[in-house]
file target33.cif (mmCIF, N, CA and C atoms, pLDDT in the B column; chains and numbers go by the auth columns)
data_input
#
loop_
_atom_site.group_PDB
_atom_site.id
_atom_site.type_symbol
_atom_site.label_atom_id
_atom_site.label_comp_id
_atom_site.label_asym_id
_atom_site.label_seq_id
_atom_site.Cartn_x
_atom_site.Cartn_y
_atom_site.Cartn_z
_atom_site.B_iso_or_equiv
_atom_site.auth_seq_id
_atom_site.auth_asym_id
ATOM 1 N N MET A 1 82.519 100.123 113.214 54.00 13 D
ATOM 2 C CA MET A 1 83.357 100.553 112.109 54.00 13 D
ATOM 3 C C MET A 1 82.668 101.721 111.404 54.00 13 D
ATOM 4 N N VAL A 2 83.450 102.686 110.954 55.00 14 D
ATOM 5 C CA VAL A 2 82.950 103.889 110.299 55.00 14 D
ATOM 6 C C VAL A 2 82.903 103.666 108.793 55.00 14 D
ATOM 7 N N GLU A 3 81.876 104.222 108.135 55.00 15 D
ATOM 8 C CA GLU A 3 81.758 104.081 106.688 55.00 15 D
ATOM 9 C C GLU A 3 82.875 104.846 105.983 55.00 15 D
ATOM 10 N N GLU A 4 83.272 104.384 104.803 55.00 16 D
ATOM 11 C CA GLU A 4 84.370 104.967 104.026 55.00 16 D
ATOM 12 C C GLU A 4 84.170 106.459 103.743 55.00 16 D
ATOM 13 N N THR A 5 82.926 106.923 103.594 62.00 17 D
ATOM 14 C CA THR A 5 82.682 108.309 103.229 62.00 17 D
ATOM 15 C C THR A 5 82.851 109.261 104.412 62.00 17 D
ATOM 16 N N GLU A 6 82.852 108.750 105.626 74.00 18 D
ATOM 17 C CA GLU A 6 82.996 109.596 106.805 74.00 18 D
ATOM 18 C C GLU A 6 84.467 109.892 107.069 74.00 18 D
ATOM 19 N N GLU A 7 84.729 111.087 107.589 88.00 19 D
ATOM 20 C CA GLU A 7 86.090 111.475 107.936 88.00 19 D
ATOM 21 C C GLU A 7 86.446 110.877 109.299 88.00 19 D
ATOM 22 N N ILE A 8 87.584 110.223 109.373 91.00 20 D
ATOM 23 C CA ILE A 8 88.037 109.576 110.599 91.00 20 D
ATOM 24 C C ILE A 8 88.985 110.527 111.326 91.00 20 D
ATOM 25 N N ASP A 9 88.743 110.760 112.602 88.00 21 D
ATOM 26 C CA ASP A 9 89.635 111.587 113.407 88.00 21 D
ATOM 27 C C ASP A 9 90.729 110.693 113.976 88.00 21 D
ATOM 28 N N SER A 10 91.851 110.645 113.272 91.00 22 D
ATOM 29 C CA SER A 10 92.964 109.805 113.720 91.00 22 D
ATOM 30 C C SER A 10 94.230 110.635 113.914 91.00 22 D
ATOM 31 N N TRP A 11 94.090 111.944 113.975 90.00 23 D
ATOM 32 C CA TRP A 11 95.238 112.837 114.076 90.00 23 D
ATOM 33 C C TRP A 11 95.385 113.320 115.517 90.00 23 D
ATOM 34 N N GLY A 12 96.520 113.042 116.141 90.00 24 D
ATOM 35 C CA GLY A 12 96.775 113.510 117.503 90.00 24 D
ATOM 36 C C GLY A 12 95.949 112.790 118.553 90.00 24 D
ATOM 37 N N THR A 13 95.642 111.532 118.331 91.00 25 D
ATOM 38 C CA THR A 13 94.824 110.768 119.273 91.00 25 D
ATOM 39 C C THR A 13 95.695 110.101 120.332 91.00 25 D
ATOM 40 N N GLU A 14 95.087 109.706 121.423 88.00 26 D
ATOM 41 C CA GLU A 14 95.809 109.012 122.489 88.00 26 D
ATOM 42 C C GLU A 14 95.943 107.517 122.207 88.00 26 D
ATOM 43 N N GLU A 15 95.158 107.020 121.264 90.00 27 D
ATOM 44 C CA GLU A 15 95.218 105.608 120.903 90.00 27 D
ATOM 45 C C GLU A 15 95.496 105.489 119.404 90.00 27 D
ATOM 46 N N LEU A 16 96.193 104.431 119.021 92.00 28 D
ATOM 47 C CA LEU A 16 96.524 104.185 117.623 92.00 28 D
ATOM 48 C C LEU A 16 95.240 103.808 116.883 92.00 28 D
ATOM 49 N N THR A 17 94.789 104.693 115.983 94.00 29 D
ATOM 50 C CA THR A 17 93.498 104.550 115.321 94.00 29 D
ATOM 51 C C THR A 17 93.682 104.454 113.816 94.00 29 D
ATOM 52 N N CYS A 18 93.020 103.484 113.204 95.00 30 D
ATOM 53 C CA CYS A 18 93.092 103.320 111.759 95.00 30 D
ATOM 54 C C CYS A 18 92.410 104.507 111.073 95.00 30 D
ATOM 55 N N PRO A 19 93.105 105.179 110.137 95.00 31 D
ATOM 56 C CA PRO A 19 92.495 106.309 109.435 95.00 31 D
ATOM 57 C C PRO A 19 91.486 105.887 108.379 95.00 31 D
ATOM 58 N N HIS A 20 91.422 104.600 108.069 95.00 32 D
ATOM 59 C CA HIS A 20 90.470 104.101 107.071 95.00 32 D
ATOM 60 C C HIS A 20 89.110 103.793 107.686 95.00 32 D
ATOM 61 N N CYS A 21 89.110 103.069 108.820 95.00 33 D
ATOM 62 C CA CYS A 21 87.839 102.607 109.388 95.00 33 D
ATOM 63 C C CYS A 21 87.567 103.118 110.802 95.00 33 D
ATOM 64 N N GLY A 22 88.569 103.707 111.452 95.00 34 D
ATOM 65 C CA GLY A 22 88.368 104.257 112.793 95.00 34 D
ATOM 66 C C GLY A 22 88.581 103.260 113.914 95.00 34 D
ATOM 67 N N GLU A 23 88.975 102.044 113.591 95.00 35 D
ATOM 68 C CA GLU A 23 89.186 101.010 114.607 95.00 35 D
ATOM 69 C C GLU A 23 90.442 101.318 115.424 95.00 35 D
ATOM 70 N N VAL A 24 90.295 101.292 116.758 93.00 36 D
ATOM 71 C CA VAL A 24 91.450 101.432 117.637 93.00 36 D
ATOM 72 C C VAL A 24 92.217 100.122 117.584 93.00 36 D
ATOM 73 N N GLN A 25 93.510 100.232 117.319 92.00 37 D
ATOM 74 C CA GLN A 25 94.346 99.041 117.181 92.00 37 D
ATOM 75 C C GLN A 25 94.688 98.483 118.560 92.00 37 D
ATOM 76 N N GLY A 26 94.663 97.169 118.688 85.00 38 D
ATOM 77 C CA GLY A 26 94.846 96.525 119.978 85.00 38 D
ATOM 78 C C GLY A 26 96.285 96.319 120.396 85.00 38 D
ATOM 79 N N CYS A 27 97.242 96.769 119.595 73.00 39 D
ATOM 80 C CA CYS A 27 98.636 96.515 119.953 73.00 39 D
ATOM 81 C C CYS A 27 99.119 97.546 120.975 73.00 39 D
ATOM 82 N N PRO A 28 99.723 97.068 122.057 69.00 40 D
ATOM 83 C CA PRO A 28 100.268 98.008 123.041 69.00 40 D
ATOM 84 C C PRO A 28 101.510 98.704 122.498 69.00 40 D
ATOM 85 N N ASP A 29 101.852 99.842 123.086 69.00 41 D
ATOM 86 C CA ASP A 29 103.025 100.596 122.640 69.00 41 D
ATOM 87 C C ASP A 29 104.288 99.752 122.644 69.00 41 D
ATOM 88 N N SER A 30 104.382 98.807 123.564 66.00 42 D
ATOM 89 C CA SER A 30 105.590 97.986 123.650 66.00 42 D
ATOM 90 C C SER A 30 105.766 97.094 122.425 66.00 42 D
ATOM 91 N N ASP A 31 104.690 96.839 121.675 74.00 43 D
ATOM 92 C CA ASP A 31 104.784 96.022 120.461 74.00 43 D
ATOM 93 C C ASP A 31 105.305 96.814 119.262 74.00 43 D
ATOM 94 N N LEU A 32 105.256 98.133 119.337 80.00 44 D
ATOM 95 C CA LEU A 32 105.727 98.975 118.245 80.00 44 D
ATOM 96 C C LEU A 32 107.218 99.210 118.434 80.00 44 D
ATOM 97 N N GLU A 33 108.014 98.740 117.489 78.00 45 D
ATOM 98 C CA GLU A 33 109.464 98.832 117.616 78.00 45 D
ATOM 99 C C GLU A 33 109.999 100.228 117.320 78.00 45 D
ATOM 100 N N GLU A 34 109.320 100.963 116.475 85.00 46 D
ATOM 101 C CA GLU A 34 109.789 102.278 116.048 85.00 46 D
ATOM 102 C C GLU A 34 108.725 103.335 116.338 85.00 46 D
ATOM 103 N N ASN A 35 109.137 104.605 116.359 89.00 47 D
ATOM 104 C CA ASN A 35 108.187 105.700 116.528 89.00 47 D
ATOM 105 C C ASN A 35 107.516 106.080 115.216 89.00 47 D
ATOM 106 N N ASP A 36 108.035 105.577 114.097 91.00 48 D
ATOM 107 C CA ASP A 36 107.424 105.759 112.780 91.00 48 D
ATOM 108 C C ASP A 36 107.381 104.397 112.115 91.00 48 D
ATOM 109 N N GLY A 37 106.279 104.111 111.457 91.00 49 D
ATOM 110 C CA GLY A 37 106.196 102.834 110.772 91.00 49 D
ATOM 111 C C GLY A 37 104.896 102.677 110.026 91.00 49 D
ATOM 112 N N CYS A 38 104.676 101.472 109.531 92.00 50 D
ATOM 113 C CA CYS A 38 103.445 101.131 108.823 92.00 50 D
ATOM 114 C C CYS A 38 102.814 99.929 109.488 92.00 50 D
ATOM 115 N N LEU A 39 101.496 99.930 109.525 91.00 51 D
ATOM 116 C CA LEU A 39 100.742 98.821 110.094 91.00 51 D
ATOM 117 C C LEU A 39 99.604 98.447 109.167 91.00 51 D
ATOM 118 N N GLU A 40 99.111 97.240 109.335 93.00 52 D
ATOM 119 C CA GLU A 40 97.886 96.814 108.678 93.00 52 D
ATOM 120 C C GLU A 40 96.812 96.776 109.754 93.00 52 D
ATOM 121 N N CYS A 41 95.669 97.372 109.479 94.00 53 D
ATOM 122 C CA CYS A 41 94.573 97.430 110.439 94.00 53 D
ATOM 123 C C CYS A 41 94.066 96.028 110.753 94.00 53 D
ATOM 124 N N CYS A 42 93.817 95.762 112.026 92.00 54 D
ATOM 125 C CA CYS A 42 93.317 94.456 112.444 92.00 54 D
ATOM 126 C C CYS A 42 91.843 94.261 112.074 92.00 54 D
ATOM 127 N N GLU A 43 91.153 95.346 111.707 94.00 55 D
ATOM 128 C CA GLU A 43 89.734 95.258 111.338 94.00 55 D
ATOM 129 C C GLU A 43 89.525 95.250 109.822 94.00 55 D
ATOM 130 N N CYS A 44 89.964 96.316 109.145 96.00 56 D
ATOM 131 C CA CYS A 44 89.696 96.435 107.698 96.00 56 D
ATOM 132 C C CYS A 44 90.854 95.917 106.834 96.00 56 D
ATOM 133 N N GLU A 45 91.975 95.609 107.457 95.00 57 D
ATOM 134 C CA GLU A 45 93.149 95.054 106.792 95.00 57 D
ATOM 135 C C GLU A 45 93.794 95.997 105.774 95.00 57 D
ATOM 136 N N LYS A 46 93.515 97.296 105.875 96.00 58 D
ATOM 137 C CA LYS A 46 94.170 98.281 105.022 96.00 58 D
ATOM 138 C C LYS A 46 95.411 98.791 105.747 96.00 58 D
ATOM 139 N N SER A 47 96.418 99.155 104.977 96.00 59 D
ATOM 140 C CA SER A 47 97.672 99.638 105.549 96.00 59 D
ATOM 141 C C SER A 47 97.607 101.134 105.805 96.00 59 D
ATOM 142 N N PHE A 48 98.351 101.565 106.825 95.00 60 D
ATOM 143 C CA PHE A 48 98.464 102.983 107.121 95.00 60 D
ATOM 144 C C PHE A 48 99.803 103.253 107.795 95.00 60 D
ATOM 145 N N LYS A 49 100.239 104.495 107.703 95.00 61 D
ATOM 146 C CA LYS A 49 101.477 104.943 108.322 95.00 61 D
ATOM 147 C C LYS A 49 101.133 105.588 109.660 95.00 61 D
ATOM 148 N N TYR A 50 101.986 105.383 110.654 93.00 62 D
ATOM 149 C CA TYR A 50 101.796 106.029 111.944 93.00 62 D
ATOM 150 C C TYR A 50 103.074 106.740 112.369 93.00 62 D
ATOM 151 N N THR A 51 102.909 107.751 113.181 92.00 63 D
ATOM 152 C CA THR A 51 104.009 108.430 113.847 92.00 63 D
ATOM 153 C C THR A 51 103.625 108.538 115.316 92.00 63 D
ATOM 154 N N ARG A 52 104.520 108.095 116.176 89.00 64 D
ATOM 155 C CA ARG A 52 104.260 108.139 117.620 89.00 64 D
ATOM 156 C C ARG A 52 105.156 109.206 118.227 89.00 64 D
ATOM 157 N N GLU A 53 104.560 110.077 119.036 89.00 65 D
ATOM 158 C CA GLU A 53 105.299 111.118 119.731 89.00 65 D
ATOM 159 C C GLU A 53 105.158 110.905 121.229 89.00 65 D
ATOM 160 N N TRP A 54 106.181 111.279 121.927 85.00 66 D
ATOM 161 C CA TRP A 54 106.166 111.158 123.391 85.00 66 D
ATOM 162 C C TRP A 54 106.168 112.541 124.007 85.00 66 D
ATOM 163 N N SER A 55 105.363 112.709 125.030 86.00 67 D
ATOM 164 C CA SER A 55 105.355 113.959 125.784 86.00 67 D
ATOM 165 C C SER A 55 106.070 113.718 127.105 86.00 67 D
ATOM 166 N N PRO A 56 106.949 114.634 127.484 89.00 68 D
ATOM 167 C CA PRO A 56 107.653 114.427 128.745 89.00 68 D
ATOM 168 C C PRO A 56 106.715 114.604 129.934 89.00 68 D
ATOM 169 N N THR A 57 106.997 113.874 130.972 91.00 69 D
ATOM 170 C CA THR A 57 106.292 113.996 132.241 91.00 69 D
ATOM 171 C C THR A 57 107.339 114.259 133.307 91.00 69 D
ATOM 172 N N TYR A 58 107.118 115.283 134.101 90.00 70 D
ATOM 173 C CA TYR A 58 108.080 115.639 135.136 90.00 70 D
ATOM 174 C C TYR A 58 107.516 115.323 136.511 90.00 70 D
ATOM 175 N N TYR A 59 108.377 114.830 137.361 93.00 71 D
ATOM 176 C CA TYR A 59 108.045 114.576 138.755 93.00 71 D
ATOM 177 C C TYR A 59 109.050 115.346 139.595 93.00 71 D
ATOM 178 N N THR A 60 108.571 116.142 140.520 91.00 72 D
ATOM 179 C CA THR A 60 109.483 116.896 141.362 91.00 72 D
ATOM 180 C C THR A 60 109.252 116.537 142.825 91.00 72 D
ATOM 181 N N LYS A 61 110.283 116.741 143.604 92.00 73 D
ATOM 182 C CA LYS A 61 110.224 116.387 145.016 92.00 73 D
ATOM 183 C C LYS A 61 111.088 117.378 145.777 92.00 73 D
ATOM 184 N N LYS A 62 110.610 117.820 146.913 92.00 74 D
ATOM 185 C CA LYS A 62 111.386 118.730 147.739 92.00 74 D
ATOM 186 C C LYS A 62 112.617 118.022 148.291 92.00 74 D
ATOM 187 N N LEU A 63 113.707 118.754 148.349 93.00 75 D
ATOM 188 C CA LEU A 63 114.908 118.218 148.965 93.00 75 D
ATOM 189 C C LEU A 63 114.909 118.625 150.433 93.00 75 D
ATOM 190 N N SER A 64 115.309 117.713 151.273 90.00 76 D
ATOM 191 C CA SER A 64 115.388 118.068 152.695 90.00 76 D
ATOM 192 C C SER A 64 116.663 118.871 152.939 90.00 76 D
ATOM 193 N N ASN A 65 116.557 119.946 153.703 76.00 77 D
ATOM 194 C CA ASN A 65 117.716 120.820 153.962 76.00 77 D
ATOM 195 C C ASN A 65 118.452 120.398 155.197 76.00 77 D
#
call {"tool": "encode", "arguments": {"input": "target33.cif", "output": "structure tokens"}}
result
Amino acid sequence: MVEETEEIDSWGTEELTCPHCGEVQGCPDSDLEENDGCLECCECEKSFKYTREWSPTYYTKKLSN
């Protein structure tokens, strides 16, 4: 856990990270019902707001002629 005086890098991360203590939250994406919401940290028990963004992934395949 990170001390309160240290700045937590929780912006644009690949994992849901508490901005208060830096703890990565153990909830999988499937447990989050919305792309925006509020959670309570499982470590420090402080509340925080999250926003989840999705990046598209493309798969291409040649067509047979």
call {"tool": "resolve_selection", "arguments": {"input": "target33.cif", "expression": "the PyMOL selection byres (((chain D and resi 25-34 and name CA) around 9) and name CA)", "output": "list in words"}}
result
Met13, Val14, Glu15, Glu16, Glu18, Glu19, Ile20, Asp21, Ser22, Trp23, Gly24, Glu35, Val36, Gln37, Gly38, Cys39, Asp41, Glu52, Cys53, Cys54, Glu55, Cys56, Lys58, Ser59, Phe60, Tyr62 and Arg64 of chain D
call {"tool": "atom_distance", "arguments": {"input": "target33.cif", "atom1": "atom CA of D:Asn47", "atom2": "atom CA of D:Tyr71"}}
result
23.9 Å
call {"tool": "atom_distance", "arguments": {"input": "target33.cif", "atom1": "atom CA of D:Asp43", "atom2": "atom CA of D:Pro68"}}
result
20.4 Å
call {"tool": "atom_distance", "arguments": {"input": "target33.cif", "atom1": "atom C of D:Thr63", "atom2": "atom CA of D:Glu45"}}
result
11.6 Å
